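Engineer: Coordinates in model_24.cif, mmCIF, C-alpha atoms, are listed below.
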data_protein
#
loop_
_atom_site.label_atom_id
_atom_site.label_comp_id
_atom_site.auth_asym_id
_atom_site.auth_seq_id
_atom_site.Cartn_x
_atom_site.Cartn_y
_atom_site.Cartn_z
CA MET A 295 -22.61 16.99 -6.80
CA LYS A 296 -25.09 14.31 -7.82
CA ILE A 297 -23.65 11.01 -9.00
CA ARG A 298 -25.45 9.16 -11.77
CA ILE A 299 -25.81 5.56 -10.62
CA PRO A 300 -26.80 2.79 -13.07
CA GLN A 301 -30.32 1.42 -12.66
CA ASP A 302 -29.09 -2.09 -11.79
CA VAL A 303 -27.01 -0.66 -8.94
CA LEU A 304 -29.88 1.54 -7.74
CA TRP A 305 -32.08 -1.56 -7.65
CA ILE A 306 -29.60 -3.29 -5.30
CA LEU A 307 -29.34 -0.21 -3.05
CA ARG A 308 -33.13 0.14 -2.81
CA LYS A 309 -33.66 -3.53 -2.09
CA LEU A 310 -31.19 -3.35 0.78
CA ASN A 311 -32.69 -0.06 2.04
CA ASN A 312 -36.25 -1.38 1.86
CA ALA A 313 -35.18 -4.35 3.99
CA GLY A 314 -33.96 -1.95 6.67
CA TYR A 315 -30.23 -1.92 5.90
CA GLU A 316 -27.90 0.92 4.99
CA ALA A 317 -26.21 0.69 1.60
CA TYR A 318 -23.90 3.00 -0.34
CA VAL A 319 -21.79 2.86 -3.48
CA VAL A 320 -18.20 3.18 -2.34
CA GLY A 321 -14.58 3.50 -3.37
CA GLY A 322 -13.35 3.79 -6.92
CA CYS A 323 -16.77 4.31 -8.50
CA VAL A 324 -17.35 7.37 -6.31
CA ARG A 325 -13.86 8.68 -7.02
CA ASP A 326 -14.21 8.24 -10.78
CA SER A 327 -17.69 9.76 -10.83
CA LEU A 328 -16.46 12.88 -9.03
CA LEU A 329 -13.66 13.12 -11.59
CA GLY A 330 -16.18 12.91 -14.43
CA ARG A 331 -14.95 9.48 -15.49
CA GLU A 332 -17.00 6.40 -16.30
CA PRO A 333 -16.46 3.86 -13.48
CA ASN A 334 -15.37 0.37 -14.49
CA ASP A 335 -17.03 -1.24 -11.46
CA TRP A 336 -19.71 -0.30 -8.97
CA ASP A 337 -19.02 -1.60 -5.46
CA ILE A 338 -21.59 -1.45 -2.68
CA THR A 339 -21.01 -1.36 1.06
CA THR A 340 -23.83 -2.19 3.46
CA SER A 341 -24.75 -2.78 7.08
CA ALA A 342 -26.32 -6.11 6.05
CA GLU A 343 -24.21 -9.18 6.81
CA PRO A 344 -23.39 -11.66 4.02
CA LEU A 345 -26.13 -14.18 4.82
CA GLN A 346 -28.66 -11.36 5.02
CA VAL A 347 -27.56 -10.14 1.60
CA LYS A 348 -27.86 -13.66 0.18
CA ALA A 349 -31.36 -13.96 1.60
CA LEU A 350 -32.47 -10.80 -0.22
CA PHE A 351 -31.22 -11.64 -3.71
CA ARG A 352 -32.05 -14.67 -5.81
CA ARG A 353 -28.76 -14.91 -7.71
CA THR A 354 -25.55 -14.46 -5.73
CA ILE A 355 -21.98 -15.76 -5.68
CA ASP A 356 -20.07 -16.36 -2.44
CA THR A 357 -17.09 -14.20 -3.41
CA GLY A 358 -15.60 -13.99 0.09
CA LEU A 359 -18.10 -14.57 2.85
CA GLN A 360 -15.44 -14.56 5.56
CA HIS A 361 -14.49 -11.04 4.50
CA GLY A 362 -18.07 -9.96 4.07
CA THR A 363 -18.32 -9.97 0.27
CA VAL A 364 -21.19 -11.36 -1.79
CA THR A 365 -21.50 -10.80 -5.54
CA VAL A 366 -25.06 -10.00 -6.57
CA LEU A 367 -25.92 -10.83 -10.18
CA ASN A 368 -28.26 -8.48 -11.98
CA HIS A 369 -28.92 -8.78 -15.73
CA GLY A 370 -25.75 -10.81 -16.20
CA THR A 371 -23.44 -8.36 -14.40
CA GLY A 372 -21.92 -9.00 -10.98
CA TYR A 373 -21.83 -6.31 -8.29
CA GLU A 374 -19.79 -6.83 -5.13
CA VAL A 375 -21.75 -6.12 -1.97
CA THR A 376 -19.56 -6.00 1.13
CA THR A 377 -20.56 -5.66 4.77
CA TYR A 378 -19.18 -2.76 6.82
CA ARG A 379 -16.21 -4.20 8.61
CA LEU A 380 -13.26 -3.63 10.90
CA ASP A 381 -10.01 -5.40 10.07
CA GLY A 382 -7.89 -7.21 12.64
CA ASP A 383 -4.09 -7.30 12.74
CA TYR A 384 -2.11 -7.57 9.49
CA SER A 385 0.73 -9.85 10.63
CA ASP A 386 1.73 -10.69 7.02
CA HIS A 387 1.52 -7.06 5.77
CA ARG A 388 -1.13 -8.13 3.25
CA ARG A 389 -4.37 -9.46 4.78
CA PRO A 390 -6.08 -9.06 8.15
CA GLU A 391 -6.02 -12.08 10.41
CA SER A 392 -9.64 -11.47 11.27
CA VAL A 393 -12.60 -9.37 10.16
CA THR A 394 -15.33 -7.98 12.42
CA PHE A 395 -18.59 -6.92 10.83
CA SER A 396 -19.93 -3.50 11.81
CA ARG A 397 -23.15 -1.49 11.61
CA ASN A 398 -21.23 1.77 11.22
CA LEU A 399 -20.17 3.11 7.82
CA ALA A 400 -17.40 5.16 9.44
CA ASP A 401 -15.70 1.94 10.59
CA ASP A 402 -15.61 0.68 7.02
CA LEU A 403 -14.25 3.90 5.51
CA MET A 404 -11.53 4.13 8.16
CA ARG A 405 -9.86 0.91 6.98
CA ARG A 406 -9.48 2.00 3.33
CA ASP A 407 -6.19 2.94 1.70
CA PHE A 408 -6.38 6.50 0.35
CA THR A 409 -8.75 9.39 0.96
CA ILE A 410 -9.89 9.45 -2.67
CA ASN A 411 -10.99 5.81 -2.29
CA ALA A 412 -12.64 6.29 1.11
CA MET A 413 -15.81 8.07 0.01
CA ALA A 414 -19.33 6.62 -0.09
CA TYR A 415 -22.43 7.94 -1.83
CA HIS A 416 -26.16 7.41 -1.55
CA PRO A 417 -28.64 8.93 -4.04
CA GLU A 418 -30.71 10.43 -1.21
CA ARG A 419 -28.16 10.96 1.58
CA GLY A 420 -25.45 12.30 -0.74
CA LEU A 421 -21.67 12.06 -0.31
CA VAL A 422 -20.04 10.71 2.84
CA ASP A 423 -16.46 12.01 2.92
CA LEU A 424 -14.86 11.67 6.34
CA TYR A 425 -11.22 12.10 5.29
CA GLY A 426 -11.23 14.93 2.76
CA GLY A 427 -11.19 12.78 -0.35
CA GLU A 428 -13.12 15.30 -2.45
CA ALA A 429 -10.68 18.07 -1.51
CA ASP A 430 -7.74 15.78 -2.35
CA LEU A 431 -9.28 15.12 -5.75
CA GLU A 432 -9.34 18.85 -6.35
CA LYS A 433 -5.75 19.19 -5.15
CA LYS A 434 -4.74 16.12 -7.19
CA LEU A 435 -3.25 14.42 -4.15
CA ILE A 436 -2.79 10.79 -3.18
CA ARG A 437 -3.06 10.81 0.62
CA ALA A 438 -3.31 7.84 2.98
CA VAL A 439 -6.37 7.55 5.19
CA GLY A 440 -5.44 8.42 8.77
CA GLU A 441 -1.90 7.51 9.79
CA PRO A 442 0.08 6.60 6.62
CA GLU A 443 2.61 4.47 8.50
CA GLU A 444 -0.21 2.28 9.70
CA ARG A 445 -1.84 1.97 6.26
CA PHE A 446 1.37 0.69 4.65
CA ARG A 447 2.24 -1.52 7.60
CA GLU A 448 -1.16 -3.18 7.17
CA ASP A 449 -0.85 -3.84 3.45
CA ALA A 450 2.43 -3.39 1.58
CA LEU A 451 0.66 -3.57 -1.78
CA ARG A 452 -0.62 -0.07 -1.04
CA ILE A 453 2.95 1.15 -1.67
CA LEU A 454 2.59 0.27 -5.35
CA ARG A 455 -1.05 1.31 -5.48
CA ALA A 456 -0.17 4.83 -4.36
CA VAL A 457 2.23 5.36 -7.24
CA ARG A 458 -0.08 3.58 -9.67
CA PHE A 459 -3.02 5.85 -8.80
CA ALA A 460 -0.76 8.87 -9.16
CA ALA A 461 0.25 7.64 -12.63
CA GLN A 462 -3.28 6.85 -13.75
CA LEU A 463 -4.78 10.12 -12.49
CA GLY A 464 -1.85 12.49 -13.01
CA PHE A 465 -1.73 13.21 -9.25
CA VAL A 466 1.17 13.65 -6.83
CA ILE A 467 1.71 11.75 -3.60
CA GLU A 468 1.23 13.81 -0.43
CA PRO A 469 4.62 14.30 1.36
CA GLY A 470 3.69 12.45 4.56
CA THR A 471 2.32 9.53 2.55
CA ARG A 472 5.46 9.56 0.38
CA ASP A 473 7.74 9.44 3.43
CA ALA A 474 5.78 6.52 4.85
CA ILE A 475 6.13 4.62 1.56
CA ARG A 476 9.90 5.00 1.68
CA GLY A 477 9.96 3.56 5.17
CA HIS A 478 8.00 0.41 4.29
CA VAL A 479 9.50 -0.60 0.93
CA GLU A 480 11.16 -3.68 2.46
CA GLU A 481 7.72 -5.10 3.21
CA LEU A 482 7.04 -5.51 -0.53
CA SER A 483 8.68 -8.91 -0.08
CA TYR A 484 5.38 -10.04 1.50
CA VAL A 485 3.43 -9.25 -1.68
CA SER A 486 2.94 -11.94 -4.33
CA ILE A 487 4.64 -11.40 -7.66
CA GLU A 488 1.25 -11.64 -9.39
CA ARG A 489 -0.08 -8.64 -7.44
CA ILE A 490 3.14 -6.71 -8.08
CA GLU A 491 2.86 -7.39 -11.82
CA THR A 492 -0.75 -6.21 -11.86
CA GLU A 493 0.08 -2.87 -10.25
CA LEU A 494 3.28 -2.38 -12.21
CA THR A 495 1.52 -3.06 -15.50
CA LYS A 496 -1.29 -0.62 -14.67
CA LEU A 497 1.34 2.04 -13.94
CA ILE A 498 3.36 1.28 -17.07
CA CYS A 499 0.23 1.39 -19.25
CA SER A 500 -1.09 4.57 -17.63
CA PRO A 501 -1.08 8.05 -19.18
CA HIS A 502 2.02 8.82 -17.07
CA PRO A 503 4.65 6.07 -17.45
CA GLU A 504 7.20 8.67 -16.34
CA MET A 505 6.10 7.74 -12.81
CA MET A 506 8.63 4.93 -13.17
CA GLU A 507 11.07 7.56 -11.89
CA GLU A 508 8.96 7.92 -8.74
CA LEU A 509 9.23 4.15 -8.21
CA TYR A 510 13.00 4.55 -8.51
CA GLN A 511 13.22 7.57 -6.20
CA LEU A 512 11.17 5.79 -3.52
CA GLY A 513 13.37 2.67 -3.66
CA ILE A 514 10.56 0.50 -5.03
CA THR A 515 12.25 -0.62 -8.26
CA ALA A 516 15.27 -1.72 -6.20
CA LYS A 517 12.92 -4.38 -4.77
CA ILE A 518 10.77 -5.30 -7.75
CA LEU A 519 12.76 -4.28 -10.86
CA PRO A 520 16.46 -3.77 -10.03
CA GLU A 521 17.30 -3.76 -13.73
CA PHE A 522 15.63 -0.35 -13.97
CA ASP A 523 17.86 1.03 -11.22
CA ARG A 524 20.91 0.00 -13.24
CA MET A 525 19.51 1.80 -16.27
CA MET A 526 18.88 4.95 -14.23
CA GLU A 527 22.47 4.79 -12.99
CA THR A 528 24.09 4.20 -16.41
CA PRO A 529 25.21 7.43 -18.14
CA GLN A 530 25.44 7.58 -21.93
CA ASN A 531 28.44 9.69 -22.87
CA THR A 532 27.71 9.71 -26.57
CA ILE A 533 26.62 12.27 -29.14
CA TYR A 534 23.57 10.12 -29.89
CA HIS A 535 21.99 10.58 -26.45
CA ARG A 536 21.33 13.42 -24.03
CA THR A 537 20.40 11.44 -20.91
CA ASP A 538 21.25 8.29 -18.99
CA VAL A 539 19.72 5.00 -20.10
CA GLY A 540 16.86 5.20 -17.59
CA HIS A 541 15.62 8.65 -18.55
CA HIS A 542 15.93 7.77 -22.23
CA THR A 543 13.83 4.69 -21.50
CA ILE A 544 11.13 6.80 -19.84
CA ALA A 545 11.10 9.16 -22.82
CA VAL A 546 10.56 6.21 -25.17
CA MET A 547 7.75 4.83 -22.98
CA GLN A 548 6.00 8.19 -23.21
CA GLN A 549 6.10 8.09 -27.01
CA VAL A 550 4.64 4.61 -27.63
CA SER A 551 0.99 3.63 -27.32
CA SER A 552 -0.31 2.38 -23.98
CA ARG A 553 -0.65 -1.23 -25.14
CA LYS A 554 1.02 -3.60 -22.70
CA VAL A 555 3.40 -5.12 -25.25
CA MET A 556 4.57 -1.69 -26.42
CA ARG A 557 5.13 -0.28 -22.94
CA TYR A 558 7.10 -3.35 -21.81
CA ALA A 559 9.12 -3.36 -25.03
CA ALA A 560 9.91 0.31 -24.49
CA LEU A 561 10.74 -0.26 -20.82
CA LEU A 562 13.16 -3.08 -21.61
CA HIS A 563 14.52 -2.18 -25.07
CA ASP A 564 17.82 -0.94 -23.58
CA VAL A 565 17.84 -3.13 -20.47
CA ALA A 566 21.19 -4.73 -21.42
CA LYS A 567 23.02 -1.45 -21.99
CA PRO A 568 24.56 -1.42 -18.48
CA ASP A 569 26.15 -4.82 -19.21
CA CYS A 570 27.18 -3.98 -22.77
CA LYS A 571 28.70 -0.58 -22.07
CA THR A 572 32.27 0.10 -23.18
CA THR A 573 34.20 3.37 -23.37
CA ASP A 574 36.71 4.10 -26.12
CA GLU A 575 39.97 6.03 -25.91
CA GLN A 576 38.17 9.32 -26.65
CA GLY A 577 35.81 8.74 -23.71
CA ALA A 578 32.76 7.95 -25.84
CA ASP A 579 30.44 5.20 -24.64
CA HIS A 580 29.31 2.31 -26.85
CA PHE A 581 26.73 -0.40 -26.26
CA TYR A 582 27.53 -3.03 -28.86
CA GLY A 583 25.22 -6.05 -28.93
CA HIS A 584 22.70 -4.63 -26.47
CA PRO A 585 19.56 -5.50 -28.52
CA ALA A 586 20.27 -9.25 -28.65
CA ALA A 587 21.48 -9.32 -25.05
CA GLY A 588 18.50 -7.20 -24.06
CA ALA A 589 16.02 -9.67 -25.51
CA GLU A 590 17.42 -12.36 -23.21
CA VAL A 591 17.33 -10.13 -20.12
CA ALA A 592 13.85 -8.88 -21.02
CA ARG A 593 12.57 -12.45 -21.22
CA ASP A 594 14.02 -13.22 -17.78
CA VAL A 595 12.49 -10.07 -16.29
CA MET A 596 9.03 -10.68 -17.71
CA LYS A 597 9.07 -14.36 -16.73
CA ARG A 598 9.99 -13.32 -13.20
CA LEU A 599 6.98 -10.98 -13.20
CA ARG A 600 4.77 -13.87 -14.44
CA ILE A 601 3.66 -11.97 -17.53
CA GLU A 602 1.73 -14.04 -20.07
CA ASN A 603 3.85 -15.82 -22.70
CA ARG A 604 2.35 -14.05 -25.72
CA THR A 605 3.32 -10.63 -24.38
CA ILE A 606 6.78 -11.90 -23.45
CA ASP A 607 7.39 -13.34 -26.91
CA ASP A 608 6.14 -10.27 -28.78
CA ALA A 609 7.99 -7.79 -26.57
CA CYS A 610 11.24 -9.75 -26.86
CA VAL A 611 11.01 -9.68 -30.66
CA LEU A 612 10.74 -5.89 -30.49
CA VAL A 613 13.65 -5.58 -28.05
CA TYR A 614 15.83 -7.76 -30.28
CA TRP A 615 15.00 -5.85 -33.46
CA HIS A 616 14.58 -2.29 -32.19
CA ASP A 617 17.86 -1.11 -33.80
CA PHE A 618 17.06 -2.72 -37.17
CA GLY A 619 17.90 -0.28 -39.98
CA LEU A 620 19.56 2.13 -37.55
CA LYS A 621 22.50 2.87 -39.85
CA GLY A 622 20.36 3.46 -42.92
CA ASP A 623 22.35 0.95 -44.97
CA LEU A 624 19.50 -1.40 -45.88
CA ASN A 625 18.90 -2.50 -49.45
CA GLU A 626 15.83 -4.38 -50.66
CA VAL A 627 17.40 -7.80 -50.10
CA SER A 628 18.65 -7.13 -46.55
CA PHE A 629 15.33 -5.50 -45.74
CA ARG A 630 13.33 -8.55 -46.89
CA ARG A 631 15.62 -10.85 -44.94
CA GLY A 632 15.24 -8.74 -41.82
CA VAL A 633 11.46 -8.61 -42.07
CA SER A 634 11.39 -12.35 -42.70
CA ARG A 635 13.37 -13.05 -39.55
CA MET A 636 11.46 -10.52 -37.46
CA GLY A 637 8.04 -11.60 -38.73
CA ILE A 638 6.03 -9.13 -40.77
CA GLU A 639 3.25 -9.23 -38.17
CA HIS A 640 5.62 -7.46 -35.75
CA PHE A 641 6.69 -4.77 -38.18
CA PRO A 642 4.08 -2.08 -37.34
CA ASP A 643 5.05 -2.35 -33.67
CA TYR A 644 8.73 -2.24 -34.60
CA LEU A 645 8.10 0.99 -36.54
CA GLU A 646 6.34 2.49 -33.53
CA LEU A 647 9.18 1.58 -31.17
CA ARG A 648 11.85 2.61 -33.69
CA TYR A 649 10.34 6.09 -34.04
CA ALA A 650 9.82 6.50 -30.28
CA ASP A 651 13.45 5.46 -29.71
CA MET A 652 14.56 8.09 -32.20
CA LEU A 653 12.52 10.81 -30.47
CA GLY A 654 14.10 9.88 -27.14
CA GLN A 655 17.63 10.41 -28.45
CA SER A 656 19.65 13.61 -28.94
CA ASP A 657 19.17 15.90 -31.93
CA TYR A 658 22.47 14.77 -33.47
CA GLN A 659 21.84 13.84 -37.14
CA LYS A 660 18.13 14.32 -36.50
CA GLU A 661 17.32 14.93 -40.16
CA LYS A 662 19.29 11.88 -41.30
CA LYS A 663 17.61 9.64 -38.75
CA GLU A 664 14.21 10.89 -39.84
CA ALA A 665 15.10 10.27 -43.51
CA ASP A 666 16.35 6.75 -42.71
CA TYR A 667 13.14 6.02 -40.83
CA GLN A 668 10.94 7.29 -43.67
CA ARG A 669 12.93 5.14 -46.11
CA ILE A 670 12.14 2.07 -44.00
CA VAL A 671 8.46 3.03 -43.93
CA GLY A 672 8.53 3.32 -47.72
CA MET A 673 10.20 -0.08 -48.12
CA TYR A 674 7.58 -1.60 -45.82
CA ARG A 675 4.73 -0.13 -47.86
CA GLN A 676 6.30 -1.50 -51.03
CA LEU A 677 6.58 -4.89 -49.36
CA LEU A 678 2.87 -4.84 -48.54
CA GLU A 679 2.04 -4.03 -52.14
CA GLU A 680 4.32 -6.62 -53.74
CA LYS A 681 3.71 -9.40 -51.16
CA PRO A 682 7.00 -11.28 -51.74
CA PRO A 683 7.51 -14.67 -50.03
CA LEU A 684 8.75 -14.09 -46.49
CA THR A 685 8.24 -17.46 -44.80
CA VAL A 686 8.72 -21.13 -45.62
CA LYS A 687 4.94 -21.40 -45.98
CA ASP A 688 5.10 -18.87 -48.82
CA LEU A 689 7.41 -21.04 -50.93
CA ALA A 690 6.11 -22.53 -54.18
CA VAL A 691 7.22 -25.99 -53.01
CA ASN A 692 6.35 -27.99 -49.92
CA GLY A 693 7.72 -31.01 -48.08
CA LYS A 694 6.19 -33.49 -50.49
CA ASP A 695 7.77 -31.72 -53.44
CA LEU A 696 11.17 -31.91 -51.75
CA MET A 697 10.75 -35.61 -50.98
CA ASP A 698 9.90 -36.19 -54.64
CA ALA A 699 13.14 -34.36 -55.48
CA GLY A 700 15.11 -36.71 -53.22
CA VAL A 701 15.34 -34.70 -49.98
CA PRO A 702 14.79 -36.97 -46.95
CA ALA A 703 12.37 -35.98 -44.22
CA GLY A 704 13.80 -34.60 -41.00
CA PRO A 705 16.56 -32.08 -40.33
CA GLU A 706 17.84 -32.14 -43.92
CA MET A 707 14.45 -31.07 -45.22
CA GLY A 708 14.28 -28.26 -42.67
CA GLU A 709 17.70 -27.01 -43.75
CA MET A 710 16.76 -27.18 -47.41
CA LEU A 711 13.60 -25.16 -46.81
CA LYS A 712 15.67 -22.48 -45.08
CA LYS A 713 18.07 -22.36 -48.03
CA LEU A 714 15.18 -22.08 -50.45
CA LEU A 715 13.66 -19.24 -48.46
CA ASP A 716 16.94 -17.35 -48.44
CA TYR A 717 17.24 -18.00 -52.20
CA VAL A 718 13.85 -16.39 -52.92
CA LEU A 719 14.36 -13.58 -50.42
CA GLU A 720 17.32 -12.58 -52.55
CA ASN A 721 15.12 -12.58 -55.65
CA PRO A 722 11.35 -13.16 -55.20
CA SER A 723 10.91 -13.97 -58.91
CA ARG A 724 12.64 -17.29 -58.19
CA ASN A 725 9.64 -18.48 -56.21
CA THR A 726 8.31 -20.95 -58.79
CA LYS A 727 8.08 -24.70 -58.46
CA GLU A 728 10.29 -25.24 -61.50
CA ILE A 729 13.11 -22.93 -60.37
CA LEU A 730 13.09 -24.18 -56.79
CA THR A 731 13.00 -27.83 -57.83
CA GLU A 732 15.98 -27.23 -60.10
CA TYR A 733 17.79 -25.51 -57.20
CA VAL A 734 17.20 -28.56 -54.99
CA LYS A 735 18.50 -30.95 -57.62
CA ASN A 736 21.71 -28.92 -58.04
CA ALA A 737 22.27 -28.32 -54.30
#
Can you give me the file's structure in the form of structure tokens?
Structural biologist:
Amino acid sequence: MKIRIPQDVLWILRKLNNAGYEAYVVGGCVRDSLLGREPNDWDITTSAEPLQVKALFRRTIDTGLQHGTVTVLNHGTGYEVTTYRLDGDYSDHRRPESVTFSRNLADDLMRRDFTINAMAYHPERGLVDLYGGEADLEKKLIRAVGEPEERFREDALRILRAVRFAAQLGFVIEPGTRDAIRGHVEELSYVSIERIETELTKLICSPHPEMMEELYQLGITAKILPEFDRMMETPQNTIYHRTDVGHHTIAVMQQVSSRKVMRYAALLHDVAKPDCKTTDEQGADHFYGHPAAGAEVARDVMKRLRIENRTIDDACVLVYWHDFGLKGDLNEVSFRRGVSRMGIEHFPDYLELRYADMLGQSDYQKEKKEADYQRIVGMYRQLLEEKPPLTVKDLAVNGKDLMDAGVPAGPEMGEMLKKLLDYVLENPSRNTKEILTEYVKNA
């Protein structure tokens, strides 16, 4: 198979070749090209040492000279060019203590993680595949290069990368590689939380979030997300569900879009159910208060993973409100108040999570739940058309108006604004300066 390499990358390869050095595209770009996917990055491996690379190209960045990597800039895009190398011992299960540059491509491919990432390609010499990566692509297998025990002992992050690649590509992990993962899970403690979050997020946002179960089965979530283990081990003896909390959670993740905020909201929407579970005299399970409790646990989990604050805040809103309107007893006033508290900007995401949650439940009262959901959608559409006041900023009066009416600045003004908002949420036609001023005077 011939791989179509961008002109800017070909220019770098040729310049290195013309100077007497070997150079190949390598790793993920080769893998993705063979799969018929558009590579995100094009990495180059070469026999030239870093200073030799820098001497050939006018614009470079010293990305990691000690590890052999120079970024070559071409038309505003950076391409990593890395010298063939042999890695020394990995005493910290993450990075080699030393790196030895090599003139042999085979040395460089031998140190890579999985066979599908250990292929190199040259437009004239073709594919270099020493470990059966192309065959594993056809078999849809994630297989460690060489001895799997050694690969995971070297770098514990590869444990997560194996499952993440399986999730992104829809592959399975080769049995020997899977067994080796199970034996090295404890070494995840050597991996920074930032790297764990990166891999976990890529898995969660992949086409196969159900691979969360593989993380559980391999003992990985016990180390990085123990809350998920508790969900997997919490049955739901109730007519409203057909699975335990964990499998319901996976089903919901499969139904929402792959946006980060939606996948984390789905992952954590029932995270407090293990703590909130009670069983009545008939043996039925209940989970009273789990949305509010879940929002607190979800915030703690995402902070621990060092997720950005905006995603944390938005996901926690969805966790808190995901059962809004569940009983189908909303009227226009309670609906406006709920949307006001939730924030109308979150409502489309709430609807997405609400529907996914419904699909992940049992078929009990399926028609009623669908009707209740459609009623909420209709109320939301009406809200968008009518545009009633939903926030303090939407009120027909402001702080100056309240001061003129005798309300002092500070906490009292804040409380009065809240009362006024609730007053107009009950009846939006009250949102006039005259009516609200009169309300303040009589309060």
Engineer: Name the residues in contact with stretch 514-529 of chain A at a cut-off of 7 Å, using only C-alpha atoms, excluding same-chain residues fewer than 6 positions from it; report them as a count of residues only.
Structural biologist: 8
Engineer: List the spatial neighbours of A:Asp617 as a list in words - criterion: any atom at most 9 Å away, all atoms listed in the file, same-chain residues fewer than 5 positions off excluded.
Structural biologist: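 So, after excluding close chain neighbours, the residues are Pro585, Arg648 and Asp651 of chain A.
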Engineer: Would you export the selected residues with C-alpha atoms as a compact mmCIF listing (two decimals), keeping the file's coordinate frame, please?
Structural biologist:
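Dumped everything to out-v4.txt:
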# COMPACT_ATOMS: atom_id res chain seq x y z
CA PRO A 585 19.56 -5.50 -28.52
CA ARG A 648 11.85 2.61 -33.69
CA ASP A 651 13.45 5.46 -29.71
Engineer: Looking at only C-alpha atoms, which of A:His416, A:Arg405, A:Lys621, A:Arg437 is the one that sits closest to A:Arg298?
Structural biologist: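 Closest residue, counting only C-alpha atoms: A:His416.
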Engineer: Could you list, as a short mmCIF file (atom, residue, chain, number, x, y, z; two decimals) with C-alpha atoms, in the coordinates of the input, every residue matched by the PyMOL selection byres ((chain A and resi 504) around 10) in this structure?
Structural biologist:
data_model
loop_
_atom_site.label_atom_id
_atom_site.label_comp_id
_atom_site.auth_asym_id
_atom_site.auth_seq_id
_atom_site.Cartn_x
_atom_site.Cartn_y
_atom_site.Cartn_z
CA ALA A 461 0.25 7.64 -12.63
CA LEU A 497 1.34 2.04 -13.94
CA ILE A 498 3.36 1.28 -17.07
CA SER A 500 -1.09 4.57 -17.63
CA PRO A 501 -1.08 8.05 -19.18
CA HIS A 502 2.02 8.82 -17.07
CA PRO A 503 4.65 6.07 -17.45
CA MET A 505 6.10 7.74 -12.81
CA MET A 506 8.63 4.93 -13.17
CA GLU A 507 11.07 7.56 -11.89
CA GLU A 508 8.96 7.92 -8.74
CA LEU A 509 9.23 4.15 -8.21
CA HIS A 541 15.62 8.65 -18.55
CA THR A 543 13.83 4.69 -21.50
CA ILE A 544 11.13 6.80 -19.84
CA ALA A 545 11.10 9.16 -22.82
CA VAL A 546 10.56 6.21 -25.17
CA MET A 547 7.75 4.83 -22.98
CA GLN A 548 6.00 8.19 -23.21
#
Engineer: Tell me which residues the PyMOL selection byres ((chain A and resi 474) around 12) grabs here, as number ranges by chain.
Structural biologist: A: 437-438, 441-447, 450, 452-453, 456, 467-473, 475-481, 512
Engineer: Do you have the atom CA of A:Lys296-atom CA of A:Asp402 distance handy?
Structural biologist: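 Atom CA of A:Asp402 lies 22.3 Å from atom CA of A:Lys296.
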Engineer: Tell me which protein, DNA and RNA residues are within 8 Å of A:Ala690, counting only C-alpha atoms, leaving out same-chain ones fewer than 5 positions away, and put them as a list in words.
Structural biologist: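 Close residues of A:Ala690: Asn725, Thr726, Lys727 and Leu730 of chain A.
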Engineer: Write the selection just made, keeping C-alpha atoms, as an mmCIF file, keeping the file's coordinate frame?
Structural biologist:
data_model
loop_
_atom_site.group_PDB
_atom_site.id
_atom_site.type_symbol
_atom_site.label_atom_id
_atom_site.label_comp_id
_atom_site.auth_asym_id
_atom_site.auth_seq_id
_atom_site.Cartn_x
_atom_site.Cartn_y
_atom_site.Cartn_z
ATOM 1 C CA ASN A 725 9.640 -18.480 -56.210
ATOM 2 C CA THR A 726 8.310 -20.950 -58.790
ATOM 3 C CA LYS A 727 8.080 -24.700 -58.460
ATOM 4 C CA LEU A 730 13.090 -24.180 -56.790
#
Engineer: Go through A:Val466, A:Asp564, A:Asp569, A:Thr492 one by one, measure the shortest atom-to-atom distance of each to A:Leu451 using all atoms listed in the file, and give the residue with the smallest value.
Structural biologist: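 Checking each of A:Val466, A:Asp564, A:Asp569, A:Thr492 against A:Leu451, counting all atoms listed in the file, the winner is A:Thr492.
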Engineer: Compare A:Leu645, A:Gly622, A:Thr572, A:Ile487 by their minimum atom-to-atom distance to A:Lys597, counting all atoms listed in the file, and give me the closest one.
Structural biologist: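 Counting all atoms listed in the file, the residue closest to A:Lys597 is A:Ile487.
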Engineer: Between A:Thr365, A:Ser327, A:Asn334, A:Gln668, single out the one closest to A:Ile306, counting all atoms listed in the file.
Structural biologist: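 Nearest to A:Ile306: A:Thr365.
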Engineer: For A:Asp356, find every residue with an atom within 9 Å (counting only C-alpha atoms), except residues of its own chain fewer than 5 positions away, and show them as a list in words.
Structural biologist: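 Answer for this query is Pro344, Lys348, Thr363, Val364 and Thr365 of chain A.
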Engineer: Assuming the chain letters and numbering stay as they are in my file, what does the PyMOL selection byres ((chain A and resi 488-490) around 9) actually select? List them as a list in words.
Structural biologist: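 Checking the PyMOL selection byres ((chain A and resi 488-490) around 9) against this file, the residues are Leu451, Leu454, Leu482, Val485, Ser486, Ile487, Glu491, Thr492, Glu493, Leu494, Thr495, Ile518, Leu599, Arg600 and Ile601 of chain A.
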Engineer: How far is it from atom CA of A:Lys663 to atom CA of A:Tyr649, in Å with one decimal?
Structural biologist: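 Going from atom CA of A:Lys663 over to atom CA of A:Tyr649 covers 9.4 Å.
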Engineer: Counting only C-alpha atoms, which of A:Phe395, A:Tyr614, A:Trp305, A:Tyr510 gets nearest to A:Phe351?
Structural biologist: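 Between A:Phe395, A:Tyr614, A:Trp305, A:Tyr510, the residue approaching A:Phe351 most closely is A:Trp305.
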Engineer: Quick one: residues within 8 Å of stretch 557-560 of chain A, all atoms listed in the file, excluding same-chain residues fewer than 3 positions away - as a list in words?
Structural biologist: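 My reading of the contact set: Ile498, Cys499, Thr543, Val546, Met547, Val550, Ser551, Ser552, Arg553, Lys554, His563, Ala609, Cys610, Leu612, Val613 and Leu647 of chain A.
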